[in-house]
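A.B. asks: One structure is given below, represented as structure tokens, and several questions about it will come after.
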Amino acid sequence: NAGVTQTPKFQVLKTGQSMTLQCAQDMNHEYMSWYRQDPGMGLRLIHYSVGAGITDQGEVPNGYNVSRSTTEDFPLRLLSAAPSQTSVYFCASCQLNTGELFFGEGSRLTVL
Amino acid sequence: SQQGEEDPQALSIQEGENATMNCSYKTSINNLQWYRQNSGRGLVHLILIRSNEREKHSGRLRVTLDTSKKSSSLLITASRAADTASYFCATDTGNQFYFGTGTSLTVIP
């Protein structure tokens with residue numbers, strides 16, 4: 001099993017550009033989520049989904065969109081990147097009855 | 001913010017010593033979990049303790065939970081250089097997981 005796969009691992013954007021961070025899991029997990037990790041701030045929840053067709057906002061959703069058309073995939077879209085979105089982004093998934101999150105290896109995004 | 005906080009922010013110990021880190025959180029929870037993050041990597045689940053449990057063991061890990069004080073502690077016994085990492089507590093209130101700010105542990109060989 002590959003677990004949780006995130007792409008790309010590194011990305012540099014200019015202010016105002018758009019991009020999508022991809023996340024895929026092969027464990028048939030109902031729950032998927034996106035976090036951003038900034039120095040001294042720990043991980044903050046951006047958006048999450050409890051199943052295909054269902055998404056909801058976390059702590060810091062502004063500037064990000066998500067969709068969940070399949071159980072496996074949960075892409076994160078930045079519509080107009082800002083320097084404040086420079087961060088490391090993590091995707092995580094779990095079975096809701098266990099709550100044990102499995103994380104991807106992260107995507108490091110720099111917005112100039 | 002509903003984030004918890006770990007204490008201390010950084011901890012440096014000799015190999016073989018025990019390491020204790022604490023987590024405080026703000027809201028009622030279903031479960032509390034501890035994760036480890038090696039530098040530049042994703043987080044890895046270590047242990048989960050439910051809100052109706054007070055103590056749990058897994059190998060060299062011991063976790064306690066005091067829901068009246070909204071706090072938890074993680075004890076790593078007989079530490080090894082490979083335990084060098086950042087450690088995060090995470091609380092869940094159903095569908096949302098909230099992570100603390102982390103403790104950076106350095107184990108000196």
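Going by the structure tokens order, chains are called A, B, ..., each with residues numbered from 1, while ligands are numbered from 1 in the order shown.
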Mind dumping a table of every chain A residue within 6 Å of chain B, with the nearest atom pair and its distance in Å to one decimal, using only C-alpha atoms, sorted by chain and rising number, as a Markdown table?

C.D. replies:
| residue | atom | partner | partner_atom | distance |
| --- | --- | --- | --- | --- |
| A:Met41 | CA | B:Thr101 | CA | 5.4 |
| A:Gly42 | CA | B:Thr101 | CA | 4.0 |
| A:Leu43 | CA | B:Phe99 | CA | 5.7 |
| A:Phe103 | CA | B:Gly42 | CA | 5.6 |
| A:Gly104 | CA | B:Gly42 | CA | 5.7 |
| A:Glu105 | CA | B:Gly42 | CA | 4.4 |

A.B. asks: Could you pull out all residues of region 3-103 of chain B with a DSSP call of strand (DSSP E) and give them as a ChimeraX atom specification?

C.D. replies: /B:5-7,10-14,19-24,31-37,43-50,55-58,61-66,71-76,85-92,97-99,103

A.B. asks: Between CA of Gly16 (chain A) and CA of Ser84 (chain A), what is the distance, to one decimal in Å?

C.D. replies: 11.8 Å

A.B. asks: Neighbours of Gln57 (chain A) within 10 Å (only C-alpha atoms; same-chain residues fewer than 3 positions away dropped), as a list in words?

C.D. replies: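 Residues meeting the cut-off are Ser33, Leu45, Ile46, His47, Tyr48, Ser49, Val60, Pro61, Asn62, Tyr64, Asn65 and Val66 of chain A; Gln96 of chain B.
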
A.B. asks: From the options A:Ser107, A:Gly63, A:Gly58, A:Ala2, which residue's atoms come nearest to Gln22 (chain A), counting only C-alpha atoms?

C.D. replies: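 For Gln22 (chain A), the nearest of the given residues is A:Ser107.
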
A.B. asks: A:Arg77, A:Arg36, A:Arg44, A:Arg68: which is nearest Ser18 (chain A), counting only C-alpha atoms?

C.D. replies: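 Nearest to Ser18 (chain A): A:Arg77.
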
A.B. asks: Would you work out the distance separating CA of Glu72 (chain A) from CA of Gln25 (chain A), expressed in Å to one decimal?

C.D. replies: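 Computing the Euclidean distance for CA of Glu72 (chain A) and CA of Gln25 (chain A) yields 5.1 Å.
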
A.B. asks: Considering only C-alpha atoms, return as a PyMOL selection string whatever protein or nucleic-acid residues lie within 12 Å of Glu15 (chain B), sequence-local ones (same chain, fewer than 5 positions apart) excluded.

C.D. replies: chain B and resi 76-84+105-109

A.B. asks: Residues of the last selection are to be written out with C-alpha atoms, as a PDB file, in the first residue's frame.

C.D. replies:
ATOM      1  CA  ILE B  76       9.228   8.040  26.697  1.00  0.00           C
ATOM      2  CA  THR B  77      11.350   5.705  28.796  1.00  0.00           C
ATOM      3  CA  ALA B  78      14.960   4.696  28.106  1.00  0.00           C
ATOM      4  CA  SER B  79      15.268   7.174  25.240  1.00  0.00           C
ATOM      5  CA  ARG B  80      17.343   6.448  22.146  1.00  0.00           C
ATOM      6  CA  ALA B  81      18.975   8.735  19.603  1.00  0.00           C
ATOM      7  CA  ALA B  82      16.326   7.582  17.122  1.00  0.00           C
ATOM      8  CA  ASP B  83      13.653   9.196  19.339  1.00  0.00           C
ATOM      9  CA  THR B  84      14.958  12.618  18.278  1.00  0.00           C
ATOM     10  CA  LEU B 105      13.073  16.385  21.586  1.00  0.00           C
ATOM     11  CA  THR B 106      16.796  15.885  21.097  1.00  0.00           C
ATOM     12  CA  VAL B 107      18.361  12.695  22.465  1.00  0.00           C
ATOM     13  CA  ILE B 108      22.137  12.963  22.726  1.00  0.00           C
ATOM     14  CA  PRO B 109      24.018   9.683  22.138  1.00  0.00           C
TER      15      PRO B 109
END

A.B. asks: Counting only C-alpha atoms, which of A:Phe74, A:Ala82, A:Asp38, A:Ser87 gets nearest to Thr55 (chain A)?

C.D. replies: A:Phe74

A.B. asks: Give me, as a PyMOL selection string, all polymer residues having an atom no more than 12 Å from Leu13 (chain A), counting only C-alpha atoms and skipping those fewer than 3 positions away in the same chain.

C.D. replies: chain A and resi 10+16-20+78-87+108-112

A.B. asks: Take the selection from the previous step and output its residues with N, CA, C and O atoms, as a PDB file, in the first residue's frame.

C.D. replies:
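The resulting again-v4.pdb:
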ATOM      1  N   PHE A  10       7.391  20.040  -3.784  1.00  0.00           N
ATOM      2  CA  PHE A  10       7.854  21.419  -3.707  1.00  0.00           C
ATOM      3  C   PHE A  10       7.197  22.221  -4.826  1.00  0.00           C
ATOM      4  O   PHE A  10       7.002  21.710  -5.918  1.00  0.00           O
ATOM      5  N   GLY A  16      -0.810  35.692  -6.784  1.00  0.00           N
ATOM      6  CA  GLY A  16      -1.924  35.748  -7.730  1.00  0.00           C
ATOM      7  C   GLY A  16      -2.090  34.496  -8.587  1.00  0.00           C
ATOM      8  O   GLY A  16      -3.145  34.297  -9.186  1.00  0.00           O
ATOM      9  N   GLN A  17      -1.065  33.653  -8.655  1.00  0.00           N
ATOM     10  CA  GLN A  17      -1.187  32.422  -9.420  1.00  0.00           C
ATOM     11  C   GLN A  17      -2.077  31.431  -8.676  1.00  0.00           C
ATOM     12  O   GLN A  17      -2.260  31.506  -7.455  1.00  0.00           O
ATOM     13  N   SER A  18      -2.590  30.469  -9.428  1.00  0.00           N
ATOM     14  CA  SER A  18      -3.409  29.427  -8.824  1.00  0.00           C
ATOM     15  C   SER A  18      -2.706  28.082  -8.979  1.00  0.00           C
ATOM     16  O   SER A  18      -1.856  27.915  -9.870  1.00  0.00           O
ATOM     17  N   MET A  19      -3.049  27.159  -8.097  1.00  0.00           N
ATOM     18  CA  MET A  19      -2.498  25.821  -8.226  1.00  0.00           C
ATOM     19  C   MET A  19      -3.330  24.856  -7.389  1.00  0.00           C
ATOM     20  O   MET A  19      -4.143  25.279  -6.552  1.00  0.00           O
ATOM     21  N   THR A  20      -3.109  23.577  -7.631  1.00  0.00           N
ATOM     22  CA  THR A  20      -3.791  22.525  -6.884  1.00  0.00           C
ATOM     23  C   THR A  20      -2.775  21.576  -6.291  1.00  0.00           C
ATOM     24  O   THR A  20      -1.878  21.098  -6.996  1.00  0.00           O
ATOM     25  N   LEU A  78      -5.614  26.491  -4.423  1.00  0.00           N
ATOM     26  CA  LEU A  78      -5.350  27.894  -4.085  1.00  0.00           C
ATOM     27  C   LEU A  78      -5.738  28.698  -5.324  1.00  0.00           C
ATOM     28  O   LEU A  78      -5.125  28.538  -6.382  1.00  0.00           O
ATOM     29  N   LEU A  79      -6.732  29.529  -5.200  1.00  0.00           N
ATOM     30  CA  LEU A  79      -7.266  30.236  -6.375  1.00  0.00           C
ATOM     31  C   LEU A  79      -6.417  31.436  -6.755  1.00  0.00           C
ATOM     32  O   LEU A  79      -6.250  31.731  -7.929  1.00  0.00           O
ATOM     33  N   SER A  80      -5.878  32.142  -5.760  1.00  0.00           N
ATOM     34  CA  SER A  80      -5.048  33.316  -6.003  1.00  0.00           C
ATOM     35  C   SER A  80      -4.028  33.380  -4.874  1.00  0.00           C
ATOM     36  O   SER A  80      -4.317  33.925  -3.804  1.00  0.00           O
ATOM     37  N   ALA A  81      -2.859  32.799  -5.113  1.00  0.00           N
ATOM     38  CA  ALA A  81      -1.894  32.615  -4.035  1.00  0.00           C
ATOM     39  C   ALA A  81      -1.398  33.942  -3.462  1.00  0.00           C
ATOM     40  O   ALA A  81      -1.211  34.932  -4.200  1.00  0.00           O
ATOM     41  N   ALA A  82      -1.179  33.931  -2.149  1.00  0.00           N
ATOM     42  CA  ALA A  82      -0.654  35.094  -1.432  1.00  0.00           C
ATOM     43  C   ALA A  82       0.568  34.662  -0.631  1.00  0.00           C
ATOM     44  O   ALA A  82       0.672  33.488  -0.242  1.00  0.00           O
ATOM     45  N   PRO A  83       1.506  35.588  -0.379  1.00  0.00           N
ATOM     46  CA  PRO A  83       2.701  35.227   0.408  1.00  0.00           C
ATOM     47  C   PRO A  83       2.368  34.598   1.761  1.00  0.00           C
ATOM     48  O   PRO A  83       3.124  33.758   2.263  1.00  0.00           O
ATOM     49  N   SER A  84       1.215  34.962   2.338  1.00  0.00           N
ATOM     50  CA  SER A  84       0.815  34.399   3.634  1.00  0.00           C
ATOM     51  C   SER A  84       0.493  32.902   3.535  1.00  0.00           C
ATOM     52  O   SER A  84       0.355  32.227   4.556  1.00  0.00           O
ATOM     53  N   GLN A  85       0.376  32.386   2.312  1.00  0.00           N
ATOM     54  CA  GLN A  85       0.104  30.964   2.126  1.00  0.00           C
ATOM     55  C   GLN A  85       1.385  30.139   1.965  1.00  0.00           C
ATOM     56  O   GLN A  85       1.315  28.924   1.752  1.00  0.00           O
ATOM     57  N   THR A  86       2.525  30.803   2.078  1.00  0.00           N
ATOM     58  CA  THR A  86       3.795  30.085   2.127  1.00  0.00           C
ATOM     59  C   THR A  86       3.794  29.218   3.371  1.00  0.00           C
ATOM     60  O   THR A  86       3.643  29.716   4.490  1.00  0.00           O
ATOM     61  N   SER A  87       3.955  27.903   3.172  1.00  0.00           N
ATOM     62  CA  SER A  87       3.817  26.972   4.292  1.00  0.00           C
ATOM     63  C   SER A  87       4.148  25.569   3.812  1.00  0.00           C
ATOM     64  O   SER A  87       4.420  25.334   2.631  1.00  0.00           O
ATOM     65  N   ARG A 108       5.791  21.442   0.192  1.00  0.00           N
ATOM     66  CA  ARG A 108       6.342  22.740   0.625  1.00  0.00           C
ATOM     67  C   ARG A 108       6.045  23.769  -0.445  1.00  0.00           C
ATOM     68  O   ARG A 108       6.517  23.657  -1.577  1.00  0.00           O
ATOM     69  N   LEU A 109       5.259  24.784  -0.088  1.00  0.00           N
ATOM     70  CA  LEU A 109       4.827  25.815  -1.027  1.00  0.00           C
ATOM     71  C   LEU A 109       5.435  27.150  -0.641  1.00  0.00           C
ATOM     72  O   LEU A 109       5.334  27.565   0.508  1.00  0.00           O
ATOM     73  N   THR A 110       6.046  27.813  -1.625  1.00  0.00           N
ATOM     74  CA  THR A 110       6.570  29.160  -1.435  1.00  0.00           C
ATOM     75  C   THR A 110       5.862  30.091  -2.406  1.00  0.00           C
ATOM     76  O   THR A 110       5.802  29.810  -3.599  1.00  0.00           O
ATOM     77  N   VAL A 111       5.301  31.186  -1.877  1.00  0.00           N
ATOM     78  CA  VAL A 111       4.630  32.173  -2.702  1.00  0.00           C
ATOM     79  C   VAL A 111       5.434  33.459  -2.655  1.00  0.00           C
ATOM     80  O   VAL A 111       5.615  34.055  -1.579  1.00  0.00           O
ATOM     81  N   LEU A 112       5.925  33.884  -3.805  1.00  0.00           N
ATOM     82  CA  LEU A 112       6.767  35.084  -3.871  1.00  0.00           C
ATOM     83  C   LEU A 112       5.965  36.339  -4.143  1.00  0.00           C
ATOM     84  O   LEU A 112       4.874  36.259  -4.750  1.00  0.00           O
TER      85      LEU A 112
END

A.B. asks: Report, in Å with one decimal, the straight-line distance from CA of Ile13 (chain B) to CA of Leu75 (chain B).

C.D. replies: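 Spanning CA of Ile13 (chain B) to CA of Leu75 (chain B) is a straight-line distance of 12.9 Å.
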
A.B. asks: Rank nothing, just name the residue among A:Thr98, A:Pro39, A:Asp56, A:Met32 nearest to Thr70 (chain A), using only C-alpha atoms.

C.D. replies: A:Met32

A.B. asks: Restricting the calculation to only C-alpha atoms, which member of A:Gln37, A:Gln95, A:Gly106, A:Leu101 is positioned closest to Cys23 (chain A)?

C.D. replies: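 Using only C-alpha atoms, the shortest distance to Cys23 (chain A) belongs to A:Gly106.
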
A.B. asks: Select, from A:Trp34, A:Val4, A:Thr15, A:Leu96, the residue with the minimum atom-to-atom distance to Gly51 (chain A), counting only C-alpha atoms.

C.D. replies: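 Once distances to Gly51 (chain A) are computed over only C-alpha atoms, the minimum belongs to A:Leu96.
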